[in-house]
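So this one's data.cif, mmCIF, C-alpha atoms:
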data_input
#
loop_
_atom_site.label_atom_id
_atom_site.label_comp_id
_atom_site.auth_asym_id
_atom_site.auth_seq_id
_atom_site.Cartn_x
_atom_site.Cartn_y
_atom_site.Cartn_z
CA MET A 1 0.00 0.00 0.00
CA ASP A 2 2.87 2.40 0.84
CA ARG A 3 4.49 1.66 -2.51
CA ALA A 4 1.29 2.44 -4.39
CA ASN A 5 0.82 5.67 -2.44
CA HIS A 6 4.40 6.77 -3.15
CA LEU A 7 4.05 6.00 -6.86
CA HIS A 8 0.78 7.89 -7.00
CA ALA A 9 2.37 10.90 -5.27
CA VAL A 10 5.34 10.91 -7.65
CA ALA A 11 3.07 10.62 -10.71
CA GLN A 12 0.90 13.49 -9.46
CA ALA A 13 3.95 15.67 -8.86
CA ARG A 14 5.29 14.94 -12.33
CA GLN A 15 1.96 15.93 -13.86
CA ASP A 16 2.19 19.20 -11.95
CA GLY A 17 5.45 19.93 -13.77
CA GLN A 18 7.98 18.98 -11.09
CA SER A 19 11.24 17.29 -11.99
CA GLN A 20 11.78 13.67 -11.07
CA ARG A 21 14.29 14.65 -8.38
CA ALA A 22 11.84 17.06 -6.78
CA ALA A 23 8.96 14.59 -7.10
CA VAL A 24 10.76 11.72 -5.33
CA SER A 25 12.10 14.11 -2.70
CA GLY A 26 8.59 15.29 -1.94
CA ALA A 27 7.29 11.70 -1.83
CA GLY A 28 10.06 10.68 0.54
CA VAL A 29 11.64 7.94 -1.58
CA ALA A 30 15.03 7.51 -3.24
CA ARG A 31 15.41 7.72 -7.03
CA SER A 32 16.99 4.22 -7.07
CA THR A 33 13.93 2.86 -5.29
CA LEU A 34 11.68 4.52 -7.84
CA ARG A 35 13.69 3.00 -10.71
CA HIS A 36 13.37 -0.45 -9.12
CA TRP A 37 9.62 -0.04 -8.74
CA ASN A 38 9.27 1.06 -12.34
CA ALA A 39 11.41 -1.77 -13.75
CA PRO A 40 9.41 -4.15 -15.99
CA PRO A 41 8.40 -7.40 -14.23
CA ALA A 42 10.09 -10.67 -15.10
CA ILE A 43 6.71 -12.05 -16.20
CA ALA A 44 4.96 -10.00 -18.85
CA ALA A 45 1.55 -8.67 -17.79
CA PRO A 46 -1.11 -6.72 -19.70
CA ALA A 47 -0.34 -3.01 -19.65
CA ALA A 48 -3.77 -2.09 -18.31
CA LEU A 49 -3.49 -4.59 -15.48
CA ALA A 50 0.05 -3.47 -14.65
CA ALA A 51 -1.15 0.13 -14.47
CA PHE A 52 -4.13 -0.81 -12.29
CA VAL A 53 -2.12 -2.70 -9.68
CA GLU A 54 0.13 0.34 -9.24
CA THR A 55 -2.84 2.29 -7.85
CA PRO A 56 -4.00 2.06 -4.22
CA GLU A 57 -7.18 0.33 -5.39
CA GLY A 58 -5.12 -2.21 -7.32
CA VAL A 59 -2.99 -2.94 -4.25
CA VAL A 60 -6.14 -3.56 -2.20
CA TRP A 61 -7.37 -5.93 -4.92
CA LEU A 62 -4.08 -7.85 -4.94
CA ARG A 63 -4.04 -8.10 -1.18
CA ARG A 64 -7.60 -9.44 -1.20
CA ILE A 65 -6.60 -12.16 -3.67
CA LEU A 66 -3.55 -13.04 -1.56
CA VAL A 67 -5.60 -13.28 1.63
CA ALA A 68 -8.18 -15.46 -0.18
CA ALA A 69 -5.40 -17.74 -1.47
CA HIS A 70 -3.91 -18.24 1.99
CA TRP A 71 -7.34 -18.70 3.55
CA SER A 72 -8.67 -21.21 1.01
CA ILE A 73 -5.42 -23.09 0.35
CA GLY A 74 -3.69 -22.92 3.71
CA GLU A 75 -6.34 -22.51 6.39
CA GLN A 76 -9.31 -24.36 4.89
CA GLY A 77 -7.55 -26.69 2.47
CA GLY A 78 -4.73 -27.67 4.82
CA ALA A 79 -2.04 -27.22 2.16
CA GLY A 80 1.29 -25.57 2.82
CA VAL A 81 2.85 -22.25 1.89
CA ARG A 82 4.58 -23.80 -1.13
CA VAL A 83 1.18 -24.49 -2.71
CA VAL A 84 0.34 -20.80 -2.36
CA CYS A 85 3.67 -19.92 -3.98
CA ASP A 86 2.89 -22.32 -6.83
CA PHE A 87 -0.53 -20.70 -7.28
CA LEU A 88 1.03 -17.25 -7.55
CA GLU A 89 3.53 -18.49 -10.14
CA ARG A 90 0.97 -20.34 -12.28
CA SER A 91 -1.58 -17.52 -12.18
CA GLY A 92 0.96 -14.86 -13.20
CA LEU A 93 0.37 -12.90 -10.01
CA SER A 94 4.05 -13.36 -9.15
CA ALA A 95 4.63 -10.41 -11.50
CA PHE A 96 3.10 -8.20 -8.78
CA ILE A 97 3.35 -10.29 -5.57
CA GLY A 98 6.53 -11.80 -4.20
CA ALA A 99 6.11 -15.57 -4.60
CA SER A 100 9.14 -16.63 -2.57
CA TYR A 101 8.61 -19.04 0.30
CA GLY A 102 10.03 -16.62 2.88
CA ALA A 103 7.73 -13.77 1.87
CA GLN A 104 4.61 -15.94 1.85
CA GLN A 105 5.49 -17.70 5.09
CA ALA A 106 5.80 -14.33 6.82
CA PHE A 107 2.45 -13.27 5.35
CA GLN A 108 0.74 -16.46 6.50
CA THR A 109 2.19 -16.12 10.00
CA ASP A 110 0.81 -12.59 10.24
CA LEU A 111 -2.56 -13.75 8.88
CA GLU A 112 -2.83 -16.55 11.43
CA GLU A 113 -2.03 -14.15 14.25
CA GLN A 114 -4.81 -11.86 13.05
CA ILE A 115 -7.23 -14.80 12.85
CA VAL A 116 -6.47 -15.77 16.45
CA THR A 117 -6.83 -12.15 17.57
CA ALA A 118 -10.18 -11.79 15.79
CA ALA A 119 -11.43 -15.07 17.25
CA THR A 120 -10.51 -13.92 20.75
CA GLU A 121 -12.15 -10.53 20.32
CA LEU A 122 -15.36 -11.92 18.78
CA ARG A 123 -15.74 -14.91 21.11
CA GLY A 124 -17.82 -13.09 23.72
CA THR A 125 -20.10 -11.42 21.19
CA LEU A 126 -20.76 -14.62 19.27
CA ALA A 127 -21.27 -16.65 22.45
CA GLN A 128 -24.12 -14.39 23.59
CA ALA A 129 -26.14 -15.13 20.44
CA MET A 130 -25.21 -18.83 20.33
CA PRO A 131 -28.12 -21.30 20.62
CA HIS A 132 -27.68 -24.13 23.08
CA ARG A 133 -25.78 -27.12 21.73
CA THR A 134 -24.96 -30.56 23.06
CA LEU A 135 -21.43 -31.74 22.34
CA SER A 136 -19.74 -35.07 21.87
CA ILE A 137 -16.05 -34.37 22.27
CA ALA A 138 -12.90 -36.39 21.57
CA GLU A 139 -9.99 -35.89 23.97
CA ASP A 140 -6.40 -37.03 23.94
CA GLU A 141 -2.84 -35.84 24.59
CA THR A 142 -0.32 -34.70 22.00
CA TRP A 143 3.43 -34.50 22.50
CA LYS A 144 4.86 -32.26 19.78
CA ASP A 145 6.50 -29.73 22.12
CA GLY A 146 5.66 -31.08 25.52
CA MET A 147 2.35 -32.52 26.64
CA ARG A 148 -0.80 -30.77 25.47
CA LEU A 149 -4.37 -31.63 26.40
CA VAL A 150 -6.45 -31.50 23.23
CA GLY A 151 -10.21 -31.75 22.75
CA SER A 152 -12.27 -31.35 19.58
CA ASP A 153 -15.94 -31.33 18.63
CA ALA A 154 -16.96 -34.57 16.90
CA VAL A 155 -19.21 -32.80 14.38
CA SER A 156 -17.27 -29.78 13.20
CA ASN A 157 -13.75 -30.99 14.10
CA PHE A 158 -13.34 -27.61 15.79
CA ILE A 159 -10.53 -27.68 18.31
CA LEU A 160 -12.17 -26.65 21.58
CA LEU A 161 -9.16 -27.23 23.78
CA GLU A 162 -5.41 -27.10 23.27
CA HIS A 163 -3.71 -26.57 26.61
CA ARG A 164 -0.12 -27.16 27.63
CA SER A 165 -0.04 -29.06 30.90
CA ASP A 166 2.36 -30.96 33.11
CA ALA A 167 -0.37 -33.34 34.31
CA ARG A 168 -3.13 -35.34 32.68
CA SER A 169 -5.15 -36.04 35.79
CA ALA A 170 -8.92 -35.69 35.95
CA ALA A 171 -8.57 -32.32 37.67
CA ALA A 172 -6.21 -31.04 34.96
CA TRP A 173 -8.55 -32.18 32.17
CA THR A 174 -11.65 -30.73 33.84
CA GLN A 175 -10.06 -27.36 34.59
CA ALA A 176 -8.69 -27.05 31.06
CA LEU A 177 -12.05 -27.89 29.46
CA GLU A 178 -13.96 -25.54 31.75
CA ASP A 179 -11.65 -22.71 30.77
CA ALA A 180 -12.04 -23.59 27.07
CA LEU A 181 -15.87 -23.68 27.23
CA GLU A 182 -16.29 -20.63 29.45
CA GLY A 183 -19.11 -18.43 28.17
CA LEU A 184 -20.29 -20.96 25.56
CA ASN A 185 -23.89 -22.21 25.72
CA VAL A 186 -23.00 -25.89 25.41
CA THR A 187 -23.44 -29.12 27.35
CA VAL A 188 -21.02 -32.02 26.99
CA VAL A 189 -23.02 -35.27 26.93
CA GLN A 190 -20.29 -37.63 25.74
CA GLY A 191 -16.53 -37.84 25.79
CA THR A 192 -14.51 -40.18 23.59
CA GLY A 193 -11.02 -41.15 24.65
CA ASP A 194 -8.79 -43.97 25.79
CA GLU A 195 -9.17 -45.87 29.06
CA ALA A 196 -6.81 -43.66 31.09
CA LYS A 197 -8.09 -43.28 34.66
CA GLY A 198 -7.80 -39.50 34.49
CA LEU A 199 -9.95 -39.26 31.35
CA LEU A 200 -12.53 -41.70 32.75
CA ALA A 201 -12.93 -39.72 35.97
CA HIS A 202 -12.95 -36.43 34.09
CA VAL A 203 -15.82 -37.47 31.81
CA GLU A 204 -17.95 -39.69 34.04
CA ARG A 205 -17.45 -38.02 37.43
CA ASP A 206 -16.68 -34.36 36.72
CA LEU A 207 -18.77 -33.85 33.57
CA ASP A 208 -21.44 -36.42 34.47
CA ALA A 209 -21.34 -37.53 30.83
CA HIS A 210 -21.04 -40.84 29.04
CA HIS A 211 -17.54 -42.10 28.27
CA SER A 212 -17.15 -43.81 24.89
CA THR A 213 -14.06 -45.95 24.54
CA ASP A 214 -11.50 -44.85 22.00
CA LEU A 215 -11.58 -48.06 19.98
CA PHE A 216 -8.60 -47.12 17.87
CA HIS A 217 -6.12 -47.80 20.67
CA LEU A 218 -7.68 -51.17 21.44
CA GLN A 219 -7.71 -52.31 17.84
CA HIS A 220 -4.28 -50.90 17.16
CA ALA A 221 -2.77 -52.90 20.02
CA VAL A 222 -4.47 -56.14 18.92
CA SER A 223 -3.59 -55.62 15.27
CA GLN A 224 0.00 -54.65 15.99
CA ALA A 225 0.54 -57.76 18.09
CA MET A 226 -0.56 -60.18 15.35
CA SER A 227 -0.32 -58.50 11.97
CA LEU A 228 3.45 -58.68 11.49
CA SER A 229 3.84 -62.41 12.14
CA LEU A 230 0.73 -63.29 10.12
CA LYS A 231 1.88 -61.15 7.21
CA ARG A 232 5.32 -62.76 7.30
CA ALA A 233 3.79 -66.25 7.23
CA GLU A 234 1.62 -65.28 4.24
CA GLN A 235 4.60 -63.83 2.38
CA GLN A 236 6.67 -66.97 3.02
CA ALA A 237 3.83 -69.14 1.71
CA GLU A 238 3.53 -66.97 -1.41
CA THR A 239 7.28 -67.24 -1.98
CA ALA A 240 7.17 -71.03 -1.59
CA GLU A 241 4.27 -71.25 -4.08
CA ALA A 242 6.14 -69.11 -6.61
CA GLU A 243 9.30 -71.24 -6.20
CA ALA A 244 7.32 -74.47 -6.71
CA LYS A 245 5.79 -73.14 -9.93
CA ALA A 246 9.22 -71.97 -11.09
CA ARG A 247 10.69 -75.46 -10.45
CA TRP A 248 7.97 -77.10 -12.54
CA GLN A 249 8.63 -74.66 -15.41
CA GLU A 250 12.38 -75.30 -15.13
CA GLU A 251 11.90 -79.09 -15.35
CA CYS A 252 9.66 -78.71 -18.41
CA ALA A 253 12.18 -76.41 -20.06
CA ALA A 254 15.06 -78.79 -19.21
CA GLU A 255 13.22 -81.75 -20.79
CA GLN A 256 12.54 -79.80 -24.00
CA ALA A 257 16.15 -78.63 -24.19
CA TYR A 258 17.39 -82.20 -23.66
CA HIS A 259 15.32 -83.59 -26.52
CA ARG A 260 16.47 -80.86 -28.90
CA ARG A 261 20.06 -82.11 -28.63
CA ARG A 262 21.56 -85.36 -29.84
CA HIS A 263 22.81 -87.74 -27.14
CA GLY A 264 24.82 -90.92 -27.08
CA PRO A 265 23.84 -94.19 -25.45
CA GLY A 266 22.80 -94.14 -21.81
CA ARG A 267 19.79 -93.62 -19.62
CA PRO A 268 18.15 -90.13 -19.97
CA PRO A 269 17.31 -88.06 -16.88
CA ALA A 270 14.06 -88.91 -15.10
CA PHE A 271 12.20 -85.89 -16.38
CA ALA A 272 8.78 -87.52 -16.06
CA ALA A 273 9.18 -88.18 -12.33
CA ARG A 274 10.48 -84.70 -11.69
CA ILE A 275 7.66 -83.09 -13.66
CA ASP A 276 5.09 -85.22 -11.82
CA GLU A 277 6.52 -84.21 -8.44
CA ALA A 278 6.60 -80.48 -9.22
CA PRO A 279 2.78 -79.96 -9.56
CA SER A 280 2.25 -81.80 -6.27
CA ALA A 281 4.65 -79.46 -4.52
CA SER A 282 2.96 -76.48 -6.20
CA VAL A 283 -0.49 -77.62 -5.01
CA GLN A 284 0.77 -78.06 -1.46
CA ALA A 285 2.35 -74.61 -1.55
CA SER A 286 -0.94 -73.13 -2.85
CA LEU A 287 -2.86 -74.75 -0.01
CA ALA A 288 -0.35 -73.41 2.50
CA ARG A 289 -0.69 -69.95 1.01
CA GLU A 290 -4.48 -70.07 1.20
CA GLN A 291 -4.29 -71.22 4.81
CA ALA A 292 -1.89 -68.39 5.70
CA HIS A 293 -4.20 -65.91 3.98
CA ALA A 294 -7.15 -67.23 5.97
CA HIS A 295 -5.19 -66.97 9.22
CA ARG A 296 -4.31 -63.38 8.43
CA ALA A 297 -7.92 -62.50 7.57
CA GLU A 298 -9.33 -64.07 10.75
CA PRO A 299 -8.20 -61.23 13.10
CA ARG A 300 -9.80 -58.72 10.74
CA HIS A 301 -13.11 -60.55 10.95
CA ARG A 302 -12.83 -60.72 14.73
CA LEU A 303 -12.05 -57.00 14.95
CA ARG A 304 -15.07 -56.24 12.77
CA ALA A 305 -17.17 -58.38 15.10
CA LEU A 306 -15.74 -56.41 18.01
CA ARG A 307 -16.67 -53.21 16.17
CA ALA A 308 -20.26 -54.33 15.86
CA GLN A 309 -20.33 -55.39 19.52
CA ARG A 310 -18.91 -52.12 20.83
CA LEU A 311 -20.98 -49.88 18.56
CA ALA A 312 -24.27 -51.69 19.16
CA PRO A 313 -25.00 -49.81 22.44
CA LEU A 314 -24.84 -46.51 20.56
CA GLN A 315 -28.01 -47.53 18.73
CA GLN A 316 -29.99 -48.08 21.91
CA PRO A 317 -32.63 -45.37 22.65
CA SER A 318 -31.28 -44.98 26.20
CA HIS A 319 -27.76 -44.14 25.04
CA PRO A 320 -26.75 -40.47 25.62
CA ILE A 321 -25.77 -40.07 21.98
CA GLN A 322 -29.44 -40.42 21.02
CA SER A 323 -30.10 -37.06 22.69
CA LEU A 324 -27.93 -35.38 20.04
CA ASP A 325 -29.41 -34.05 16.84
CA LEU A 326 -29.43 -36.27 13.74
CA GLN A 327 -26.42 -34.59 12.10
CA THR A 328 -24.31 -34.96 15.24
CA ARG A 329 -25.25 -38.63 15.66
CA HIS A 330 -24.49 -39.37 12.01
CA HIS A 331 -21.12 -37.61 12.12
CA HIS A 332 -20.11 -39.32 15.37
CA TRP A 333 -21.12 -42.69 13.93
CA ILE A 334 -19.02 -42.13 10.78
CA ARG A 335 -16.01 -41.18 12.92
CA CYS A 336 -16.36 -44.41 14.89
CA LEU A 337 -16.56 -46.51 11.73
CA THR A 338 -13.61 -44.70 10.17
CA CYS A 339 -11.58 -45.36 13.29
CA PHE A 340 -12.22 -49.11 12.90
CA ARG A 341 -11.47 -49.18 9.18
CA HIS A 342 -8.19 -47.36 9.77
CA VAL A 343 -6.91 -50.36 11.72
CA THR A 344 -8.70 -53.30 10.12
#

Would you write out, as structure tokens, the structure that this file holds?
Amino acid sequence: MDRANHLHAVAQARQDGQSQRAAVSGAGVARSTLRHWNAPPAIAAPAALAAFVETPEGVVWLRRILVAAHWSIGEQGGAGVRVVCDFLERSGLSAFIGASYGAQQAFQTDLEEQIVTAATELRGTLAQAMPHRTLSIAEDETWKDGMRLVGSDAVSNFILLEHRSDARSAAAWTQALEDALEGLNVTVVQGTGDEAKGLLAHVERDLDAHHSTDLFHLQHAVSQAMSLSLKRAEQQAETAEAEAKARWQEECAAEQAYHRRRHGPGRPPAFAARIDEAPSASVQASLAREQAHAHRAEPRHRLRALRAQRLAPLQQPSHPIQSLDLQTRHHHWIRCLTCFRHVT
């Protein structure tokens, strides 16, 4: 914006008949800076567009596009700064906006700080007009830079709580969540998490809500304990089957090669016996491979049965999740199913 204002001031002074030296002196910029600003861009742009973006209105327009790119690509789309840089290059906007990673990273950092500031300032105003909502929340700890207590809404995926803490006791969880929900017209009716004693007491005793087991940890432990050995056994059976088929093909090829050559007196190799033995070994290897495949599939079927068993109570009319609206119940159900499929 400052650059556009300076250029506009210099152009106005030149139209009034001032020399370039006097115009840049009055605008408060150096002549070398003015020459750099007026240098043609590396990427050719339409003359009318180039003239427009030099005006204050054009700068506002460019900034609006840049903010929209960071918001849609980075904040909503979850992509990184390099995708924004690529967008600026491909669209030709890099002729007017610095598309380097450093410049765009600094811009995104400033944008995120403004988003957090706006959210903090508007929280109280929006909370007053907020209709009452019942929440089903998912809670767990993260360890990126020390322990953080994290809680999110199951429907919107909105992060309600992200608090650095030295303890994960029930009191620590409850205090952190109360601070996060202060002023919001919400009631927590269900908490989903692992079987840690602190989380159980926090949800069932302090919140007086239903605790839904985080099935991912259970399934992950069961799957991790068995999957590697079962997969190895299946791979060994597949290798044995492939080797048996290869031996049969080798014996057939050896017999054909033998008969294509002339030989003296003597007994020929027992190709018939070898070829008869090879299919038998191949069949046995195939059976072993099928058995290994069945053994590996069995835990998956058992985990799916466990899924049905653990999710069945959610369908009962007396379950607290039934007090949620239809959209919330549907979203929570999908999250549960996705959690199972991720492991099985």

Val24 of chain A surroundings by only C-alpha atoms, 7 Å radius, close-in-sequence under 6 positions cut, as a list of chain:residue names: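 My reading of the contact set: A:Val10, A:Ala30, A:Arg31.
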
Answer key for the PyMOL selection byres ((chain A and resi 134) around 6), residues as a PyMOL selection string: chain A and resi 133+135+186-188

Minimum-distance residue to Pro131 of chain A, chosen among A:Arg205, A:Ala257, A:Leu184, A:Arg21 (using all atoms listed in the file):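 Result for the nearest residue to Pro131 of chain A: A:Leu184.
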
Written as a list of chain:residue names, which residues does the PyMOL selection byres ((chain A and resi 27) around 12) give for the file shown?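 Selection result, ordered by chain and number: A:Asp2, A:Arg3, A:Ala4, A:Asn5, A:His6, A:Leu7, A:His8, A:Ala9, A:Val10, A:Ala11, A:Gln12, A:Ala13, A:Arg14, A:Gln18, A:Gln20, A:Arg21, A:Ala22, A:Ala23, A:Val24, A:Ser25, A:Gly26, A:Gly28, A:Val29, A:Ala30, A:Arg31, A:Thr33, A:Leu34.
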
Interatomic distance, atom CA of Arg247 of chain A to atom CA of Leu228 of chain A (Å, one decimal):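 Between these atoms lies a distance of 28.6 Å.
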
Have a look at atom CA of Gly198 of chain A and atom CA of Gly183 of chain A and let me know their distance in Å, one decimal. 24.7 Å

Incomplete segment 77-88 of chain A filled out to all heavy atoms as a JSON list (two decimals), in the frame of the given file:
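Done, and the output landed in out-v2.json:
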[["chain", "number", "residue", "atom", "x", "y", "z"],
["A", 77, "GLY", "N", -7.97, -25.52, 3.22],
["A", 77, "GLY", "CA", -7.55, -26.69, 2.47],
["A", 77, "GLY", "C", -6.46, -27.50, 3.14],
["A", 77, "GLY", "O", -6.24, -28.66, 2.78],
["A", 78, "GLY", "N", -5.76, -26.92, 4.11],
["A", 78, "GLY", "CA", -4.73, -27.67, 4.82],
["A", 78, "GLY", "C", -3.44, -27.84, 4.04],
["A", 78, "GLY", "O", -2.57, -28.62, 4.44],
["A", 79, "ALA", "N", -3.27, -27.12, 2.92],
["A", 79, "ALA", "CA", -2.04, -27.22, 2.16],
["A", 79, "ALA", "C", -1.01, -26.23, 2.72],
["A", 79, "ALA", "O", -1.32, -25.35, 3.51],
["A", 79, "ALA", "CB", -2.29, -26.94, 0.68],
["A", 80, "GLY", "N", 0.23, -26.38, 2.28],
["A", 80, "GLY", "CA", 1.29, -25.57, 2.82],
["A", 80, "GLY", "C", 1.52, -24.28, 2.04],
["A", 80, "GLY", "O", 0.86, -23.98, 1.05],
["A", 81, "VAL", "N", 2.52, -23.53, 2.51],
["A", 81, "VAL", "CA", 2.85, -22.25, 1.89],
["A", 81, "VAL", "C", 3.35, -22.46, 0.47],
["A", 81, "VAL", "O", 3.10, -21.62, -0.41],
["A", 81, "VAL", "CB", 3.91, -21.53, 2.74],
["A", 81, "VAL", "CG1", 4.35, -20.23, 2.08],
["A", 81, "VAL", "CG2", 3.37, -21.23, 4.13],
["A", 82, "ARG", "N", 4.03, -23.56, 0.21],
["A", 82, "ARG", "CA", 4.58, -23.80, -1.13],
["A", 82, "ARG", "C", 3.47, -23.93, -2.17],
["A", 82, "ARG", "O", 3.68, -23.61, -3.34],
["A", 82, "ARG", "CB", 5.46, -25.05, -1.13],
["A", 82, "ARG", "CG", 6.67, -24.91, -0.23],
["A", 82, "ARG", "CD", 7.67, -26.03, -0.43],
["A", 82, "ARG", "NE", 8.73, -25.97, 0.55],
["A", 82, "ARG", "CZ", 9.77, -25.16, 0.48],
["A", 82, "ARG", "NH1", 9.88, -24.32, -0.53],
["A", 82, "ARG", "NH2", 10.70, -25.16, 1.43],
["A", 83, "VAL", "N", 2.30, -24.41, -1.76],
["A", 83, "VAL", "CA", 1.18, -24.49, -2.71],
["A", 83, "VAL", "C", 0.70, -23.08, -3.06],
["A", 83, "VAL", "O", 0.34, -22.81, -4.21],
["A", 83, "VAL", "CB", 0.05, -25.33, -2.11],
["A", 83, "VAL", "CG1", -1.12, -25.44, -3.10],
["A", 83, "VAL", "CG2", 0.54, -26.72, -1.75],
["A", 84, "VAL", "N", 0.70, -22.19, -2.08],
["A", 84, "VAL", "CA", 0.34, -20.80, -2.36],
["A", 84, "VAL", "C", 1.35, -20.17, -3.31],
["A", 84, "VAL", "O", 0.98, -19.47, -4.26],
["A", 84, "VAL", "CB", 0.26, -19.99, -1.05],
["A", 84, "VAL", "CG1", -0.07, -18.53, -1.34],
["A", 84, "VAL", "CG2", -0.79, -20.59, -0.12],
["A", 85, "CYS", "N", 2.63, -20.44, -3.09],
["A", 85, "CYS", "CA", 3.67, -19.92, -3.98],
["A", 85, "CYS", "C", 3.47, -20.44, -5.41],
["A", 85, "CYS", "O", 3.61, -19.69, -6.39],
["A", 85, "CYS", "CB", 5.05, -20.32, -3.47],
["A", 85, "CYS", "SG", 5.47, -19.63, -1.84],
["A", 86, "ASP", "N", 3.13, -21.73, -5.52],
["A", 86, "ASP", "CA", 2.89, -22.32, -6.83],
["A", 86, "ASP", "C", 1.69, -21.67, -7.51],
["A", 86, "ASP", "O", 1.70, -21.42, -8.72],
["A", 86, "ASP", "CB", 2.68, -23.82, -6.68],
["A", 86, "ASP", "CG", 2.51, -24.52, -8.02],
["A", 86, "ASP", "OD1", 3.48, -24.54, -8.80],
["A", 86, "ASP", "OD2", 1.41, -25.04, -8.29],
["A", 87, "PHE", "N", 0.65, -21.37, -6.73],
["A", 87, "PHE", "CA", -0.53, -20.70, -7.28],
["A", 87, "PHE", "C", -0.17, -19.33, -7.82],
["A", 87, "PHE", "O", -0.61, -18.94, -8.92],
["A", 87, "PHE", "CB", -1.61, -20.58, -6.20],
["A", 87, "PHE", "CG", -2.67, -19.55, -6.50],
["A", 87, "PHE", "CD1", -3.65, -19.81, -7.45],
["A", 87, "PHE", "CD2", -2.68, -18.33, -5.85],
["A", 87, "PHE", "CE1", -4.61, -18.86, -7.75],
["A", 87, "PHE", "CE2", -3.64, -17.38, -6.14],
["A", 87, "PHE", "CZ", -4.61, -17.65, -7.09],
["A", 88, "LEU", "N", 0.64, -18.59, -7.09],
["A", 88, "LEU", "CA", 1.03, -17.25, -7.55],
["A", 88, "LEU", "C", 1.85, -17.33, -8.84],
["A", 88, "LEU", "O", 1.68, -16.49, -9.73],
["A", 88, "LEU", "CB", 1.83, -16.55, -6.45],
["A", 88, "LEU", "CG", 1.07, -16.24, -5.16],
["A", 88, "LEU", "CD1", 2.01, -15.64, -4.12],
["A", 88, "LEU", "CD2", -0.11, -15.32, -5.41]]
